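Novice: One file is attached below, input31.cif, containing mmCIF, C-alpha atoms.
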```
data_data
#
loop_
_atom_site.label_atom_id
_atom_site.label_comp_id
_atom_site.auth_asym_id
_atom_site.auth_seq_id
_atom_site.Cartn_x
_atom_site.Cartn_y
_atom_site.Cartn_z
CA MET A 618 19.25 11.07 -7.65
CA GLY A 619 21.39 14.15 -7.42
CA ARG A 620 24.38 14.71 -5.17
CA ARG A 621 23.33 15.62 -1.63
CA GLY A 622 25.09 17.34 1.25
CA LEU A 623 26.13 15.78 4.53
CA SER A 624 23.40 14.93 7.01
CA PRO A 625 23.50 16.54 10.49
CA VAL A 626 25.00 13.29 11.84
CA ALA A 627 27.68 13.30 9.18
CA ALA A 628 28.50 16.94 9.87
CA VAL A 629 29.18 16.14 13.51
CA THR A 630 30.99 12.85 13.10
CA GLY A 631 32.83 13.60 9.88
CA THR A 632 31.51 10.40 8.31
CA ALA A 633 29.96 10.33 4.86
CA ARG A 634 26.21 10.25 4.47
CA PRO A 635 24.90 6.78 3.53
CA ALA A 636 24.94 6.30 -0.23
CA ILE A 637 21.50 5.98 -1.87
CA ARG A 638 21.34 3.76 -4.94
CA PRO A 639 19.01 1.34 -6.77
CA ALA A 640 18.86 -2.05 -5.08
CA GLY A 641 20.68 -4.90 -6.78
CA PRO A 642 19.43 -8.51 -6.81
CA GLY A 643 21.58 -9.35 -3.80
CA ASP A 644 20.20 -6.39 -1.86
CA LEU A 645 16.61 -7.62 -2.14
CA ALA A 646 17.54 -10.75 -0.20
CA ARG A 647 18.88 -8.55 2.62
CA LEU A 648 15.76 -6.43 3.08
CA GLY A 649 13.95 -8.78 5.47
CA PRO A 650 16.39 -8.16 8.35
CA LEU A 651 16.44 -4.42 7.58
CA TYR A 652 12.65 -4.25 7.88
CA GLU A 653 12.74 -6.29 11.07
CA GLN A 654 15.37 -4.01 12.58
CA SER A 655 13.31 -0.97 11.57
CA GLY A 656 10.25 -2.24 13.41
CA PHE A 657 8.33 -3.61 10.42
CA GLY A 658 7.66 -7.20 9.46
CA ALA A 659 10.04 -9.00 7.14
CA ARG A 660 7.08 -9.63 4.80
CA LEU A 661 7.58 -6.09 3.44
CA ALA A 662 10.61 -7.37 1.54
CA GLY A 663 8.25 -9.50 -0.57
CA VAL A 664 5.90 -6.57 -1.15
CA VAL A 665 8.61 -4.22 -2.44
CA GLY A 666 10.16 -6.99 -4.54
CA PHE A 667 6.77 -7.58 -6.17
CA ALA A 668 6.39 -3.84 -6.85
CA ARG A 669 9.67 -3.76 -8.75
CA ALA A 670 9.16 -7.04 -10.61
CA ARG A 671 5.47 -6.73 -11.52
CA LEU A 672 4.40 -3.09 -11.11
CA ASP A 673 7.12 -1.33 -13.14
CA GLY A 674 8.55 -0.08 -9.85
CA GLU A 675 11.89 0.47 -8.21
CA VAL A 676 13.60 -0.19 -4.89
CA VAL A 677 16.33 2.10 -3.58
CA VAL A 678 18.56 1.41 -0.60
CA ALA A 679 20.87 3.43 1.61
CA GLU A 680 24.22 1.80 2.37
CA ALA A 681 26.76 2.71 5.03
CA GLY A 682 29.92 0.74 5.69
CA GLY A 683 28.70 -2.17 3.60
CA GLU A 684 25.43 -2.44 5.57
CA LEU A 685 21.96 -1.57 4.32
CA VAL A 686 20.50 1.07 6.65
CA GLY A 687 17.46 2.31 4.70
CA VAL A 688 15.08 1.40 1.92
CA ALA A 689 12.16 2.81 -0.07
CA ALA A 690 10.18 1.50 -3.02
CA GLY A 691 7.81 2.68 -5.73
CA ALA A 692 5.07 1.18 -7.90
CA VAL A 693 3.60 2.55 -11.15
CA PHE A 694 0.01 2.35 -12.39
CA ARG A 695 -0.15 3.66 -15.94
CA GLY A 696 -2.79 6.03 -17.23
CA THR A 697 -4.81 5.58 -20.40
CA GLY A 698 -2.56 5.09 -23.40
CA GLY A 699 0.51 4.49 -21.21
CA SER A 700 0.95 8.10 -20.07
CA GLY A 701 0.21 9.91 -16.83
CA GLY A 702 -1.32 7.63 -14.25
CA THR A 703 -0.32 7.25 -10.64
CA GLY A 704 2.70 6.07 -8.69
CA TRP A 705 3.00 5.01 -5.07
CA VAL A 706 5.80 5.35 -2.56
CA GLY A 707 5.91 2.61 0.07
CA GLY A 708 8.07 0.39 2.22
CA VAL A 709 10.12 3.36 3.52
CA ALA A 710 12.26 2.27 6.46
CA VAL A 711 15.44 3.45 8.20
CA VAL A 712 17.25 1.54 10.94
CA PRO A 713 17.20 3.32 14.34
CA ALA A 714 20.88 4.32 14.35
CA HIS A 715 20.43 6.39 11.16
CA ARG A 716 17.17 8.14 11.94
CA ARG A 717 16.67 11.88 12.45
CA ALA A 718 19.28 12.71 9.84
CA GLY A 719 16.98 13.23 6.83
CA LEU A 720 17.57 9.78 5.35
CA GLY A 721 13.89 8.81 5.14
CA GLY A 722 13.14 12.01 3.23
CA ALA A 723 16.09 11.46 0.90
CA LEU A 724 14.98 7.90 0.13
CA THR A 725 11.43 9.11 -0.54
CA GLU A 726 12.72 11.87 -2.79
CA ALA A 727 14.73 9.35 -4.80
CA ILE A 728 11.59 7.27 -5.41
CA VAL A 729 9.56 10.36 -6.30
CA GLU A 730 12.21 11.28 -8.87
CA PHE A 731 12.02 7.77 -10.30
CA LEU A 732 8.22 7.84 -10.53
CA GLU A 733 8.03 11.28 -12.08
CA GLY A 734 10.76 10.22 -14.49
CA ARG A 735 8.39 7.46 -15.60
CA GLY A 736 5.79 10.08 -16.49
CA VAL A 737 3.61 9.60 -13.42
CA ALA A 738 1.21 12.52 -12.95
CA THR A 739 0.30 11.92 -9.29
CA VAL A 740 2.42 10.32 -6.57
CA LEU A 741 0.64 8.86 -3.54
CA LEU A 742 1.67 7.42 -0.21
CA HIS A 743 0.46 6.57 3.28
CA ALA A 744 2.14 8.53 6.07
CA THR A 745 2.35 7.98 9.79
CA ALA A 746 1.95 11.01 12.03
CA LEU A 747 5.75 11.00 12.44
CA GLY A 748 6.40 10.88 8.70
CA ARG A 749 3.78 13.40 7.63
CA PRO A 750 5.94 16.55 8.14
CA VAL A 751 8.72 14.96 6.07
CA TYR A 752 6.35 14.31 3.18
CA GLU A 753 4.75 17.74 3.42
CA ARG A 754 8.20 19.27 2.93
CA LEU A 755 8.42 17.25 -0.29
CA GLY A 756 5.17 18.73 -1.58
CA PHE A 757 2.69 16.05 -0.50
CA VAL A 758 -0.81 17.16 0.52
CA PRO A 759 -2.91 15.21 3.08
CA GLU A 760 -6.20 13.75 1.86
CA THR A 761 -7.87 11.42 4.35
CA ALA A 762 -7.10 9.12 7.23
CA TYR A 763 -6.99 5.34 6.99
CA VAL A 764 -7.66 3.32 10.10
CA THR A 765 -6.27 -0.17 10.61
CA LEU A 766 -8.41 -2.33 12.87
CA SER A 767 -7.92 -5.90 14.00
CA GLY A 768 -10.54 -8.30 15.22
CA PRO A 769 -11.71 -11.88 15.50
CA THR A 770 -11.87 -14.28 12.58
CA LEU A 771 -14.88 -16.46 11.81
CA ALA A 772 -15.28 -20.19 11.31
CA ARG A 773 -17.70 -19.48 8.46
CA ALA A 774 -19.39 -16.52 6.80
CA SER A 775 -23.11 -15.78 6.84
CA THR A 776 -23.35 -14.19 3.39
CA GLY A 777 -25.13 -17.08 1.66
CA ALA A 778 -24.92 -17.36 -2.10
CA MET A 779 -24.07 -13.70 -2.72
CA VAL A 780 -20.31 -14.22 -2.27
CA ARG A 781 -18.54 -16.92 -4.27
CA ALA A 782 -15.03 -17.84 -5.35
CA GLY A 783 -13.66 -15.67 -8.11
CA ARG A 784 -13.23 -17.02 -11.63
CA ALA A 785 -10.96 -16.10 -14.50
CA ALA A 786 -14.00 -14.78 -16.36
CA ASP A 787 -14.64 -12.25 -13.56
CA LEU A 788 -11.43 -10.32 -14.14
CA ALA A 789 -12.85 -7.73 -16.56
CA ALA A 790 -15.67 -6.86 -14.15
CA VAL A 791 -13.22 -6.76 -11.24
CA MET A 792 -11.00 -4.32 -13.15
CA ALA A 793 -13.99 -2.06 -13.86
CA LEU A 794 -15.04 -2.05 -10.19
CA ASP A 795 -11.48 -1.30 -9.12
CA ARG A 796 -11.06 1.56 -11.60
CA ALA A 797 -14.34 3.18 -10.52
CA ALA A 798 -13.37 3.02 -6.84
CA THR A 799 -9.68 3.93 -6.97
CA GLY A 800 -9.51 6.16 -10.06
CA GLU A 801 -6.38 4.19 -11.00
CA ASP A 802 -5.51 1.66 -13.67
CA ARG A 803 -4.36 -1.29 -11.56
CA ARG A 804 -4.83 -3.96 -14.19
CA ARG A 805 -1.27 -5.33 -13.85
CA LEU A 806 -1.75 -5.83 -10.13
CA LEU A 807 -5.12 -7.50 -10.59
CA THR A 808 -3.96 -9.66 -13.47
CA ALA A 809 -0.94 -10.86 -11.49
CA LEU A 810 -2.79 -11.72 -8.29
CA TRP A 811 -6.34 -12.65 -9.30
CA PRO A 812 -5.39 -16.25 -10.17
CA THR A 813 -4.02 -16.74 -6.62
CA GLY A 814 -7.40 -16.24 -4.97
CA GLY A 815 -10.32 -13.82 -4.99
CA LEU A 816 -13.98 -13.53 -4.09
CA VAL A 817 -16.84 -11.97 -6.03
CA ALA A 818 -20.16 -10.68 -4.71
CA ALA A 819 -22.76 -10.98 -7.46
CA VAL A 820 -26.50 -10.50 -7.85
CA ASP A 821 -28.30 -11.91 -10.89
CA GLY A 822 -24.93 -12.68 -12.44
CA ARG A 823 -23.66 -9.09 -12.10
CA ALA A 824 -20.51 -8.49 -10.06
CA LEU A 825 -21.06 -5.74 -7.49
CA GLY A 826 -17.87 -6.17 -5.50
CA TYR A 827 -14.71 -8.19 -5.12
CA HIS A 828 -12.05 -9.22 -2.63
CA LEU A 829 -8.47 -9.90 -3.69
CA ALA A 830 -6.38 -11.82 -1.18
CA SER A 831 -2.89 -10.65 -0.32
CA PRO A 832 0.01 -13.12 -0.67
CA TRP A 833 1.83 -11.37 2.18
CA ARG A 834 -0.71 -11.16 4.99
CA PRO A 835 -4.29 -12.18 5.86
CA GLY A 836 -6.87 -9.89 4.30
CA GLY A 837 -6.45 -7.95 1.09
CA ALA A 838 -8.32 -5.48 -1.11
CA THR A 839 -12.11 -5.29 -0.81
CA ILE A 840 -14.06 -3.01 -3.14
CA ALA A 841 -17.80 -2.77 -3.63
CA ALA A 842 -20.36 -0.60 -5.40
CA ASP A 843 -22.60 -0.35 -2.31
CA ALA A 844 -22.38 -0.79 1.45
CA GLY A 845 -24.42 -4.00 1.63
CA THR A 846 -22.11 -5.72 -0.85
CA GLY A 847 -18.98 -4.42 0.86
CA LEU A 848 -20.09 -5.65 4.28
CA ALA A 849 -21.00 -9.07 2.88
CA LEU A 850 -17.48 -9.33 1.48
CA LEU A 851 -15.93 -8.25 4.79
CA ASP A 852 -17.90 -10.99 6.51
CA ALA A 853 -16.39 -13.51 4.09
CA VAL A 854 -12.90 -12.06 4.52
CA ARG A 855 -13.10 -12.75 8.25
CA VAL A 856 -13.03 -16.48 7.47
CA ALA A 857 -9.25 -16.66 7.78
CA PRO A 858 -6.54 -18.66 9.55
CA GLY A 859 -5.58 -17.60 13.07
CA ASP A 860 -7.48 -15.72 15.72
CA GLU A 861 -7.32 -12.19 14.29
CA VAL A 862 -7.37 -10.43 10.95
CA ALA A 863 -6.30 -6.82 10.30
CA ILE A 864 -8.20 -4.58 7.89
CA SER A 865 -7.18 -1.09 6.72
CA VAL A 866 -10.04 1.11 5.52
CA PRO A 867 -10.59 4.81 4.82
CA ALA A 868 -11.99 6.47 7.92
CA ALA A 869 -14.48 8.18 5.58
CA ASN A 870 -16.10 4.79 4.92
CA ALA A 871 -18.32 5.03 7.99
CA ALA A 872 -20.30 1.90 7.06
CA ALA A 873 -17.16 -0.26 7.04
CA VAL A 874 -15.64 1.23 10.20
CA GLY A 875 -18.91 1.00 12.13
CA TRP A 876 -19.52 -2.60 11.05
CA LEU A 877 -16.02 -3.67 12.02
CA GLU A 878 -16.26 -2.00 15.43
CA SER A 879 -19.61 -3.67 16.06
CA ALA A 880 -17.96 -7.01 15.20
CA GLY A 881 -15.36 -6.51 17.92
CA PHE A 882 -12.58 -4.92 15.88
CA GLN A 883 -10.38 -2.36 17.60
CA GLU A 884 -8.28 0.42 16.09
CA ARG A 885 -4.53 -0.31 16.07
CA TYR A 886 -3.14 2.70 14.22
CA ARG A 887 -3.87 5.38 11.62
CA THR A 888 -2.13 6.62 8.52
CA ILE A 889 -2.80 9.57 6.25
CA ARG A 890 -3.19 9.14 2.50
CA MET A 891 -1.24 11.96 0.81
CA HIS A 892 -0.70 12.99 -2.80
CA ARG A 893 1.72 15.10 -4.84
CA GLY A 894 0.31 16.30 -8.15
CA PRO A 895 -3.33 16.43 -9.27
CA ARG A 896 -5.76 14.81 -6.85
CA VAL A 897 -7.03 11.44 -8.05
CA ALA A 898 -10.81 11.10 -8.38
CA TRP A 899 -11.46 8.11 -6.13
CA ASP A 900 -14.33 6.98 -3.90
CA PRO A 901 -13.41 6.18 -0.26
CA ALA A 902 -16.94 4.86 0.38
CA ALA A 903 -16.36 2.08 -2.19
CA LEU A 904 -13.12 0.91 -0.57
CA PHE A 905 -13.85 -1.53 2.27
CA ALA A 906 -10.28 -2.75 2.75
CA ALA A 907 -6.92 -1.72 1.31
CA HIS A 908 -4.67 -4.34 -0.22
CA ASN A 909 -1.87 -2.88 1.88
CA LEU A 910 -0.53 0.52 2.93
CA PHE A 911 1.99 0.60 0.08
CA TRP A 912 -0.30 0.99 -2.94
CA GLY A 913 -3.71 1.16 -1.24
#
```
The structure given in the file should be rewritten as structure tokens.
Specialist:
Amino acid sequence: MGRRGLSPVAAVTGTARPAIRPAGPGDLARLGPLYEQSGFGARLAGVVGFARARLDGEVVVAEAGGELVGVAAGAVFRGTGGSGGTGWVGGVAVVPAHRRAGLGGALTEAIVEFLEGRGVATVLLHATALGRPVYERLGFVPETAYVTLSGPTLARASTGAMVRAGRAADLAAVMALDRAATGEDRRRLLTALWPTGGLVAAVDGRALGYHLASPWRPGGATIAADAGTGLALLDAVRVAPGDEVAISVPAANAAAVGWLESAGFQERYRTIRMHRGPRVAWDPAALFAAHNLFWG
């Protein structure tokens, strides 16, 4: 994180630009209010803390006058043999009073430097329409849109015996399905969260898809080898607490988007998946729900 010049705000006011540094243990406990003030849910604090603790990641914060005014985080998925692989930027937030001064870009750049310093070959992120120009200036290239839809939950699913509770013995098959769909080695994520709750869709004892619940929100990752399996899993995912569940899916997965819309789901917002470095060979049609919009 090299030395940077004054932001436009600092140039006018004569105040120093907020200092960007790695988050300390005490800072992590202060991120909930920062995310709330920035217009995101406080749950993001748990997501970025998990990324640092379990996904070889980092969290950086911007501090001004003793207050945290910005944050960004990164997660690392190693390549074969511990080299290369992918890294994700997520949880980028700046409080309203410090926006439009380049702070979001500076926080993102600090995480990119961290990830590339870890040997990551490709850095990925999800951008809003507002953030996309910032990331393009940092060398990110747009790939495809993700659409987040929300719709009614179900009292029970209609998938019959195809979908069942996940077991410890399913983990190897789940990892293989995930790798084929995402092109990434996410074994640390799957190993950490699979014991907390998952579903498997199987035919004749062969796993064709899985759902991994998120500890931070209803829903979670849903990946399947074919559309029929993916839609059966989505039906099971709709059996959730509350009246609504939100699902983020690549817009290119027409089967998933069409099924959700026919079930009464409505689009809430869109993001753009972007990458810096070689494009990852992944299959949007196999991804029926993202775990979240931090690491996909």
Novice: Given all atoms listed in the file as the basis, pick out the residue of A:Met779, A:Leu747, A:Ala842, A:Val758 nearest to Ala793 of chain A.
Specialist: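 Smallest distance to Ala793 of chain A is found for A:Ala842.
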Novice: Could you check which of A:Thr765, A:Gln883, A:Asn909, A:Thr770 is closest to Pro832 of chain A, using only C-alpha atoms?
Specialist: A:Asn909
Novice: Could you pull the residues within 12 Å of Pro642 of chain A, counting only C-alpha atoms, minus those fewer than 3 positions along the same chain, as number ranges by chain?
Specialist: A: 639, 645-648, 666, 669-670, 675-678
Novice: Pull C-alpha atoms from the residues just selected and write them as a short mmCIF file (atom, residue, chain, number, x, y, z; two decimals), keeping the file's coordinate frame.
Specialist:
```
data_model
loop_
_atom_site.label_atom_id
_atom_site.label_comp_id
_atom_site.auth_asym_id
_atom_site.auth_seq_id
_atom_site.Cartn_x
_atom_site.Cartn_y
_atom_site.Cartn_z
CA PRO A 639 19.01 1.34 -6.77
CA LEU A 645 16.61 -7.62 -2.14
CA ALA A 646 17.54 -10.75 -0.20
CA ARG A 647 18.88 -8.55 2.62
CA LEU A 648 15.76 -6.43 3.08
CA GLY A 666 10.16 -6.99 -4.54
CA ARG A 669 9.67 -3.76 -8.75
CA ALA A 670 9.16 -7.04 -10.61
CA GLU A 675 11.89 0.47 -8.21
CA VAL A 676 13.60 -0.19 -4.89
CA VAL A 677 16.33 2.10 -3.58
CA VAL A 678 18.56 1.41 -0.60
#
```
Novice: What does the PyMOL selection byres ((chain A and resi 746) around 9) select in this file, as a PDB file with C-alpha atoms, in the frame of the given file?
Specialist:
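Contents of out.pdb, as written:
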```pdb
ATOM      1  CA  ALA A 744       2.140   8.530   6.070  1.00  0.00           C
ATOM      2  CA  THR A 745       2.350   7.980   9.790  1.00  0.00           C
ATOM      3  CA  LEU A 747       5.750  11.000  12.440  1.00  0.00           C
ATOM      4  CA  GLY A 748       6.400  10.880   8.700  1.00  0.00           C
ATOM      5  CA  ARG A 749       3.780  13.400   7.630  1.00  0.00           C
ATOM      6  CA  PRO A 750       5.940  16.550   8.140  1.00  0.00           C
ATOM      7  CA  ARG A 887      -3.870   5.380  11.620  1.00  0.00           C
ATOM      8  CA  THR A 888      -2.130   6.620   8.520  1.00  0.00           C
ATOM      9  CA  ILE A 889      -2.800   9.570   6.250  1.00  0.00           C
TER      10      ILE A 889
END
```
Novice: Go ahead and compute the interatomic distance for atom CA of Gly783 of chain A and atom CA of Ala797 of chain A, in Å to one decimal.
Specialist: 19.0 Å
Novice: Give me the residues of segment 738-760 of chain A that have any atom at most 9 Å from an atom of segment 894-906 of chain A; for each, the nearest atom pair and the distance in Å, rounded to one decimal. Use only C-alpha atoms, sort by chain and number, and format it as JSON lines.
Specialist:
```
{"residue": "A:Ala738", "atom": "CA", "partner": "A:Gly894", "partner_atom": "CA", "distance": 6.2}
{"residue": "A:Thr739", "atom": "CA", "partner": "A:Gly894", "partner_atom": "CA", "distance": 4.5}
{"residue": "A:Val740", "atom": "CA", "partner": "A:Gly894", "partner_atom": "CA", "distance": 6.5}
{"residue": "A:Leu741", "atom": "CA", "partner": "A:Gly894", "partner_atom": "CA", "distance": 8.8}
{"residue": "A:Gly756", "atom": "CA", "partner": "A:Gly894", "partner_atom": "CA", "distance": 8.5}
{"residue": "A:Phe757", "atom": "CA", "partner": "A:Gly894", "partner_atom": "CA", "distance": 8.0}
{"residue": "A:Val758", "atom": "CA", "partner": "A:Gly894", "partner_atom": "CA", "distance": 8.8}
{"residue": "A:Glu760", "atom": "CA", "partner": "A:Arg896", "partner_atom": "CA", "distance": 8.8}
```
Novice: Can you translate the PyMOL selection byres ((chain A and resi 712) around 10) into the concrete residues it hits in this file, as a list of chain:residue names?
Specialist: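 For this structure, the PyMOL selection byres ((chain A and resi 712) around 10) resolves to A:Leu651, A:Tyr652, A:Glu653, A:Gln654, A:Ser655, A:Gly656, A:Leu685, A:Val686, A:Gly687, A:Val688, A:Ala710, A:Val711, A:Pro713, A:Ala714, A:His715, A:Arg716, A:Leu720, A:Gly721.
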Novice: Could you work out how far atom CA of Tyr752 of chain A lies from atom CA of Leu807 of chain A, giving the answer in Å with one decimal?
Specialist: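 One can read the atom CA of Leu807 of chain A to atom CA of Tyr752 of chain A distance as 28.2 Å.
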Novice: Which residue out of A:Val856, A:Ala785, A:Val706, A:Ala863 has the minimum interatomic distance to Gly815 of chain A when all atoms listed in the file are used?
Specialist: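 For Gly815 of chain A, the nearest of the given residues is A:Ala785.
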